>>> print(open('work-v3.txt').read())   # compact mmCIF, C-alpha atoms and all ligand atoms
# COMPACT_ATOMS: atom_id res chain seq x y z
CA MET C 1 16.24 1.70 24.35
CA ILE C 2 13.68 -1.10 24.08
CA THR C 3 13.06 -2.34 20.52
CA ALA C 4 9.57 -2.93 19.06
CA GLU C 5 10.30 -6.67 18.84
CA ARG C 6 11.36 -6.82 22.50
CA GLU C 7 8.29 -4.87 23.61
CA PHE C 8 6.05 -7.12 21.51
CA ILE C 9 7.48 -10.28 23.11
CA ASP C 10 7.05 -8.78 26.60
CA ILE C 11 3.36 -8.08 25.88
CA VAL C 12 2.52 -11.56 24.59
CA ALA C 13 5.12 -13.84 26.24
CA ASP C 14 2.69 -15.55 28.66
CA ILE C 15 0.51 -16.61 25.70
CA LEU C 16 3.29 -17.27 23.19
CA PHE C 17 5.02 -19.89 25.35
CA HIS C 18 1.95 -21.41 27.01
CA PRO C 19 1.98 -25.20 26.39
CA GLU C 20 -1.70 -25.37 25.41
CA PHE C 21 -1.34 -22.42 23.04
CA MET C 22 1.83 -23.88 21.51
CA GLN C 23 -0.24 -26.83 20.30
CA LEU C 24 -1.37 -24.55 17.46
CA LYS C 25 1.92 -25.54 15.81
CA ASN C 26 0.38 -28.97 15.14
CA PHE C 27 -2.36 -27.66 12.86
CA LYS C 28 -2.07 -26.67 9.23
CA HIS C 29 -3.63 -23.28 8.55
CA HIS C 30 -3.81 -21.90 5.03
CA THR C 31 -0.29 -22.66 3.80
CA THR C 32 1.64 -22.48 7.12
CA ASN C 33 0.77 -23.70 10.62
CA ARG C 34 -1.75 -21.95 12.85
CA TYR C 35 0.89 -20.77 15.33
CA GLU C 36 2.87 -18.96 12.62
CA HIS C 37 -0.35 -17.44 11.27
CA VAL C 38 -1.50 -15.97 14.60
CA VAL C 39 1.98 -14.70 15.51
CA LEU C 40 2.18 -12.77 12.23
CA VAL C 41 -1.36 -11.38 12.64
CA SER C 42 -0.51 -10.37 16.21
CA TYR C 43 2.79 -8.68 15.30
CA LEU C 44 1.39 -6.69 12.37
CA SER C 45 -1.64 -5.70 14.47
CA TYR C 46 0.69 -4.52 17.25
CA LYS C 47 2.85 -2.47 14.84
CA ASN C 48 -0.14 -0.85 13.13
CA ALA C 49 -2.01 -0.17 16.36
CA ARG C 50 1.10 1.58 17.70
CA LYS C 51 1.33 3.68 14.55
CA LEU C 52 -2.37 4.60 14.76
CA ASN C 53 -2.26 5.41 18.48
CA LEU C 54 -4.61 2.55 19.36
CA ASP C 55 -4.44 0.09 22.25
CA TYR C 56 -1.52 -1.91 20.87
CA ARG C 57 -1.36 -4.27 23.87
CA SER C 58 -4.91 -5.46 23.27
CA ALA C 59 -4.36 -5.61 19.50
CA ALA C 60 -1.28 -7.82 20.03
CA ARG C 61 -2.95 -10.14 22.57
CA GLY C 62 -6.33 -10.35 20.82
CA GLY C 63 -4.59 -10.87 17.48
CA LEU C 64 -2.56 -13.71 18.92
CA LEU C 65 -5.63 -15.44 20.34
CA HIS C 66 -8.02 -14.89 17.42
CA ASP C 67 -7.64 -18.44 15.99
CA PHE C 68 -7.01 -20.35 19.24
CA PHE C 69 -8.92 -23.50 18.30
CA LEU C 70 -7.32 -26.93 18.42
CA TYR C 71 -8.80 -29.01 15.64
CA ASP C 72 -8.20 -29.53 11.93
CA TRP C 73 -10.93 -27.44 10.31
CA ARG C 74 -10.71 -29.36 7.02
CA GLU C 75 -11.43 -32.62 8.82
CA TYR C 76 -14.16 -30.96 10.93
CA THR C 77 -15.93 -29.76 7.78
CA ARG C 78 -15.39 -33.03 5.88
CA LYS C 79 -16.93 -35.09 8.73
CA ARG C 80 -20.02 -32.91 8.53
CA GLY C 81 -20.41 -33.34 4.79
CA GLY C 82 -19.05 -29.89 3.97
CA GLY C 83 -21.10 -28.22 6.73
CA GLY C 84 -20.62 -27.67 10.46
CA ARG C 85 -20.29 -23.89 10.18
CA HIS C 86 -16.65 -23.85 11.23
CA PHE C 87 -16.32 -20.52 9.44
CA THR C 88 -18.69 -18.75 11.82
CA LEU C 89 -18.25 -20.91 14.94
CA HIS C 90 -14.46 -20.91 15.38
CA PRO C 91 -14.27 -17.33 16.76
CA LYS C 92 -16.53 -18.48 19.63
CA THR C 93 -14.37 -21.55 20.23
CA ALA C 94 -11.26 -19.35 20.22
CA LEU C 95 -12.89 -17.05 22.79
CA LYS C 96 -13.85 -19.98 25.02
CA ASN C 97 -10.31 -21.42 24.91
CA SER C 98 -8.75 -18.00 25.50
CA ARG C 99 -10.94 -17.32 28.53
CA ARG C 100 -9.99 -20.69 29.94
CA TYR C 101 -6.24 -20.03 29.98
CA PHE C 102 -5.82 -16.24 29.99
CA LYS C 103 -7.36 -13.13 31.52
CA LEU C 104 -8.91 -11.01 28.77
CA ASN C 105 -10.17 -7.45 28.64
CA GLU C 106 -13.25 -6.31 26.68
CA ILE C 107 -11.27 -5.19 23.62
CA GLU C 108 -9.40 -8.50 23.39
CA GLU C 109 -12.67 -10.44 23.65
CA ASP C 110 -14.23 -8.32 20.91
CA ILE C 111 -11.17 -8.77 18.67
CA ILE C 112 -11.37 -12.57 18.97
CA VAL C 113 -15.10 -13.02 18.50
CA LYS C 114 -15.49 -10.44 15.68
CA HIS C 115 -12.39 -11.24 13.62
CA MET C 116 -14.41 -12.87 10.82
CA TRP C 117 -16.44 -9.72 10.20
CA PRO C 118 -18.07 -9.08 7.73
CA SER C 119 -18.60 -12.84 7.16
CA THR C 120 -20.14 -12.88 10.62
CA LEU C 121 -22.56 -10.00 10.88
CA TYR C 122 -21.76 -8.73 14.39
CA LEU C 123 -20.04 -5.37 13.99
CA PRO C 124 -16.65 -4.88 15.66
CA ARG C 125 -17.12 -2.58 18.67
CA TYR C 126 -13.56 -1.24 18.79
CA LYS C 127 -11.11 0.17 16.25
CA GLU C 128 -8.63 -2.47 17.39
CA SER C 129 -11.12 -5.23 16.40
CA LEU C 130 -11.51 -3.72 12.95
CA LEU C 131 -7.74 -3.44 12.57
CA VAL C 132 -7.09 -7.09 13.54
CA SER C 133 -9.88 -8.23 11.23
CA PHE C 134 -8.19 -6.41 8.30
CA VAL C 135 -4.72 -7.67 9.23
CA ASP C 136 -6.05 -11.25 9.46
CA LYS C 137 -7.43 -11.00 5.92
CA TYR C 138 -4.24 -9.43 4.63
CA VAL C 139 -2.06 -12.15 6.21
CA SER C 140 -4.38 -14.91 4.96
CA VAL C 141 -4.20 -13.66 1.37
CA ARG C 142 -0.40 -13.32 1.64
CA GLU C 143 -0.14 -16.90 2.92
CA TYR C 144 -2.15 -18.25 0.01
CA MET C 145 -0.28 -16.11 -2.51
CA ALA C 146 3.10 -17.23 -1.14
CA ALA C 147 2.18 -20.75 -2.24
CA LEU C 148 1.84 -19.53 -5.84
CA ARG C 149 5.41 -19.22 -7.08
CA TRP C 150 4.58 -17.10 -10.09
CA VAL C 151 2.94 -14.48 -7.85
CA ASN C 152 5.94 -13.95 -5.55
CA PRO C 153 8.09 -11.75 -7.83
CA ILE C 154 5.08 -9.50 -8.52
CA VAL C 155 4.16 -9.21 -4.84
CA SER C 156 7.71 -8.37 -3.78
CA LYS C 157 7.85 -5.59 -6.40
CA LEU C 158 4.61 -4.10 -5.06
CA ASN C 159 6.03 -3.94 -1.50
CA LEU C 160 2.59 -4.58 -0.01
CA ASP C 161 3.96 -4.84 3.52
CA ASP C 162 4.89 -1.15 3.38
CA PHE C 163 1.21 -0.27 3.43
CA PHE C 164 0.78 -2.21 6.61
CA VAL C 165 3.75 -1.37 8.84
FE FE H 201 -10.19 -17.20 12.01
FE FE H 202 -6.83 -15.92 11.20
>>> encode(input="work-v3.txt", output="C-alpha cells", more="lines below")
Ligand SMILES: [Fe+2]
Ligand SMILES: [Fe+2]
Amino acid sequence: MITAEREFIDIVADILFHPEFMQLKNFKHHTTNRYEHVVLVSYLSYKNARKLNLDYRSAARGGLLHDFFLYDWREYTRKRGGGGRHFTLHPKTALKNSRRYFKLNEIEEDIIVKHMWPSTLYLPRYKESLLVSFVDKYVSVREYMAALRWVNPIVSKLNLDDFFV
C-alpha cells in the first residue's frame, strides 16, 4: 500500500528537486526559509484536498509553487523606501517563474496568483485556490507563533493541526 507521504513526493518530485526551485532554501521567509514554508503549505494542502475530495494533485503542486520568487522581500521593500508592492506583486512573479520551469494547469495557475486573497481582490476561481490560500495563512501564523516561546505550550495544548489534517 502506498503511503500519503510517498504519494505526495511522487506528485511534486519534479518541482521539489529542481535546482532553480531549490534556491528557495537561500531565502528567509517568516521565521524559516522559503523552501520549508512552501513544502509545508503544499503538504497540508494536499492532505486537506484529499480529505475534501478536491483535486489534491493541483493543490499540492500549486501550493508548492505559490511563493516561487527568488529575492529577499525585506531588502526589496527597504530599497523602495517601504514600498514596491511586494505584497501584491509576488504572486505574479511566482506564476511567471513557475511557467518558465514547469507545465501548469488552470487550477495550479489560479492557486499561485490568488494565494494572497483577500489582500489582493481577485477572487479565487477554484475551491483548491481557496484552500491553499487558507493553508498559507495558517502556516504563516504558525511560523510566527513558533518564534514566540511562551506561545508554544499553549498552541500544542490546543492541537490546532488536528483541525487541518
Ligand atoms: Fe505569498
Ligand atoms: Fe506563502
>>> residues_around(input="work-v3.txt", residues="C:Ile11", least_positions_apart="3", cutoff="7 Å", atoms="all atoms listed in the file", output="PyMOL selection string")
chain C and resi 7-8+57
>>> write_last_selection(input="work-v3.txt", atoms="C-alpha atoms", output="mmCIF file, keeping the file's coordinate frame")
data_model
loop_
_atom_site.group_PDB
_atom_site.id
_atom_site.type_symbol
_atom_site.label_atom_id
_atom_site.label_comp_id
_atom_site.auth_asym_id
_atom_site.auth_seq_id
_atom_site.Cartn_x
_atom_site.Cartn_y
_atom_site.Cartn_z
ATOM 1 C CA GLU C 7 8.290 -4.870 23.610
ATOM 2 C CA PHE C 8 6.050 -7.120 21.510
ATOM 3 C CA ARG C 57 -1.360 -4.270 23.870
#
>>> residues_near_ligand(input="work-v3.txt", ligand="ligand FE 201 (chain H)", cutoff="8 Å", atoms="only C-alpha atoms and all ligand atoms", output="VMD selection string")
chain C and resid 66 to 67 87 90 to 91 115 to 116 136
>>> closest_residue(input="work-v3.txt", among="C:Ala13, C:Leu148, C:Met22, C:Leu64", to="ligand FE 202 (chain H)", atoms="all atoms listed in the file")
C:Leu64
>>> residues_near_ligand(input="work-v3.txt", ligand="ligand FE 202 (chain H)", cutoff="12 Å", atoms="all atoms listed in the file", output="JSON list (two decimals) with C-alpha atoms, keeping the file's coordinate frame")
[["chain", "number", "residue", "atom", "x", "y", "z"],
["C", 24, "LEU", "CA", -1.37, -24.55, 17.46],
["C", 28, "LYS", "CA", -2.07, -26.67, 9.23],
["C", 29, "HIS", "CA", -3.63, -23.28, 8.55],
["C", 30, "HIS", "CA", -3.81, -21.90, 5.03],
["C", 31, "THR", "CA", -0.29, -22.66, 3.80],
["C", 32, "THR", "CA", 1.64, -22.48, 7.12],
["C", 33, "ASN", "CA", 0.77, -23.70, 10.62],
["C", 34, "ARG", "CA", -1.75, -21.95, 12.85],
["C", 35, "TYR", "CA", 0.89, -20.77, 15.33],
["C", 36, "GLU", "CA", 2.87, -18.96, 12.62],
["C", 37, "HIS", "CA", -0.35, -17.44, 11.27],
["C", 38, "VAL", "CA", -1.50, -15.97, 14.60],
["C", 39, "VAL", "CA", 1.98, -14.70, 15.51],
["C", 40, "LEU", "CA", 2.18, -12.77, 12.23],
["C", 41, "VAL", "CA", -1.36, -11.38, 12.64],
["C", 42, "SER", "CA", -0.51, -10.37, 16.21],
["C", 45, "SER", "CA", -1.64, -5.70, 14.47],
["C", 62, "GLY", "CA", -6.33, -10.35, 20.82],
["C", 63, "GLY", "CA", -4.59, -10.87, 17.48],
["C", 64, "LEU", "CA", -2.56, -13.71, 18.92],
["C", 65, "LEU", "CA", -5.63, -15.44, 20.34],
["C", 66, "HIS", "CA", -8.02, -14.89, 17.42],
["C", 67, "ASP", "CA", -7.64, -18.44, 15.99],
["C", 68, "PHE", "CA", -7.01, -20.35, 19.24],
["C", 69, "PHE", "CA", -8.92, -23.50, 18.30],
["C", 87, "PHE", "CA", -16.32, -20.52, 9.44],
["C", 90, "HIS", "CA", -14.46, -20.91, 15.38],
["C", 91, "PRO", "CA", -14.27, -17.33, 16.76],
["C", 94, "ALA", "CA", -11.26, -19.35, 20.22],
["C", 111, "ILE", "CA", -11.17, -8.77, 18.67],
["C", 112, "ILE", "CA", -11.37, -12.57, 18.97],
["C", 113, "VAL", "CA", -15.10, -13.02, 18.50],
["C", 114, "LYS", "CA", -15.49, -10.44, 15.68],
["C", 115, "HIS", "CA", -12.39, -11.24, 13.62],
["C", 116, "MET", "CA", -14.41, -12.87, 10.82],
["C", 117, "TRP", "CA", -16.44, -9.72, 10.20],
["C", 132, "VAL", "CA", -7.09, -7.09, 13.54],
["C", 133, "SER", "CA", -9.88, -8.23, 11.23],
["C", 134, "PHE", "CA", -8.19, -6.41, 8.30],
["C", 135, "VAL", "CA", -4.72, -7.67, 9.23],
["C", 136, "ASP", "CA", -6.05, -11.25, 9.46],
["C", 137, "LYS", "CA", -7.43, -11.00, 5.92],
["C", 138, "TYR", "CA", -4.24, -9.43, 4.63],
["C", 139, "VAL", "CA", -2.06, -12.15, 6.21],
["C", 140, "SER", "CA", -4.38, -14.91, 4.96],
["C", 141, "VAL", "CA", -4.20, -13.66, 1.37],
["C", 142, "ARG", "CA", -0.40, -13.32, 1.64],
["C", 143, "GLU", "CA", -0.14, -16.90, 2.92]]
>>> residues_around(input="work-v3.txt", residues="C:Tyr46", least_positions_apart="4", cutoff="6 Å", atoms="only C-alpha atoms", output="PyMOL selection string")
chain C and resi 56+59-60
>>> write_last_selection(input="work-v3.txt", atoms="C-alpha atoms", output="compact mmCIF listing (two decimals), keeping the file's coordinate frame")
# COMPACT_ATOMS: atom_id res chain seq x y z
CA TYR C 56 -1.52 -1.91 20.87
CA ALA C 59 -4.36 -5.61 19.50
CA ALA C 60 -1.28 -7.82 20.03
>>> atom_distance(input="work-v3.txt", atom1="atom CA of C:Tyr122", atom2="atom CA of C:Arg100")
22.9 Å
>>> residues_around(input="work-v3.txt", residues="C:Glu75", least_positions_apart="4", cutoff="12 Å", atoms="all atoms listed in the file", output="short mmCIF file (atom, residue, chain, number, x, y, z; two decimals) with C-alpha atoms, keeping the file's coordinate frame")
data_model
loop_
_atom_site.label_atom_id
_atom_site.label_comp_id
_atom_site.auth_asym_id
_atom_site.auth_seq_id
_atom_site.Cartn_x
_atom_site.Cartn_y
_atom_site.Cartn_z
CA PHE C 27 -2.36 -27.66 12.86
CA LYS C 28 -2.07 -26.67 9.23
CA LEU C 70 -7.32 -26.93 18.42
CA TYR C 71 -8.80 -29.01 15.64
CA LYS C 79 -16.93 -35.09 8.73
CA ARG C 80 -20.02 -32.91 8.53
CA GLY C 81 -20.41 -33.34 4.79
CA GLY C 82 -19.05 -29.89 3.97
CA GLY C 83 -21.10 -28.22 6.73
CA GLY C 84 -20.62 -27.67 10.46
CA HIS C 86 -16.65 -23.85 11.23
#
>>> axis_aligned_box(input="work-v3.txt", around="stretch 17-26 of chain C", padding_each_side="6 Å", output="JSON")
{"center_x": 1.7, "center_y": -24.4, "center_z": 21.1, "size_x": 18.7, "size_y": 21.1, "size_z": 23.9}
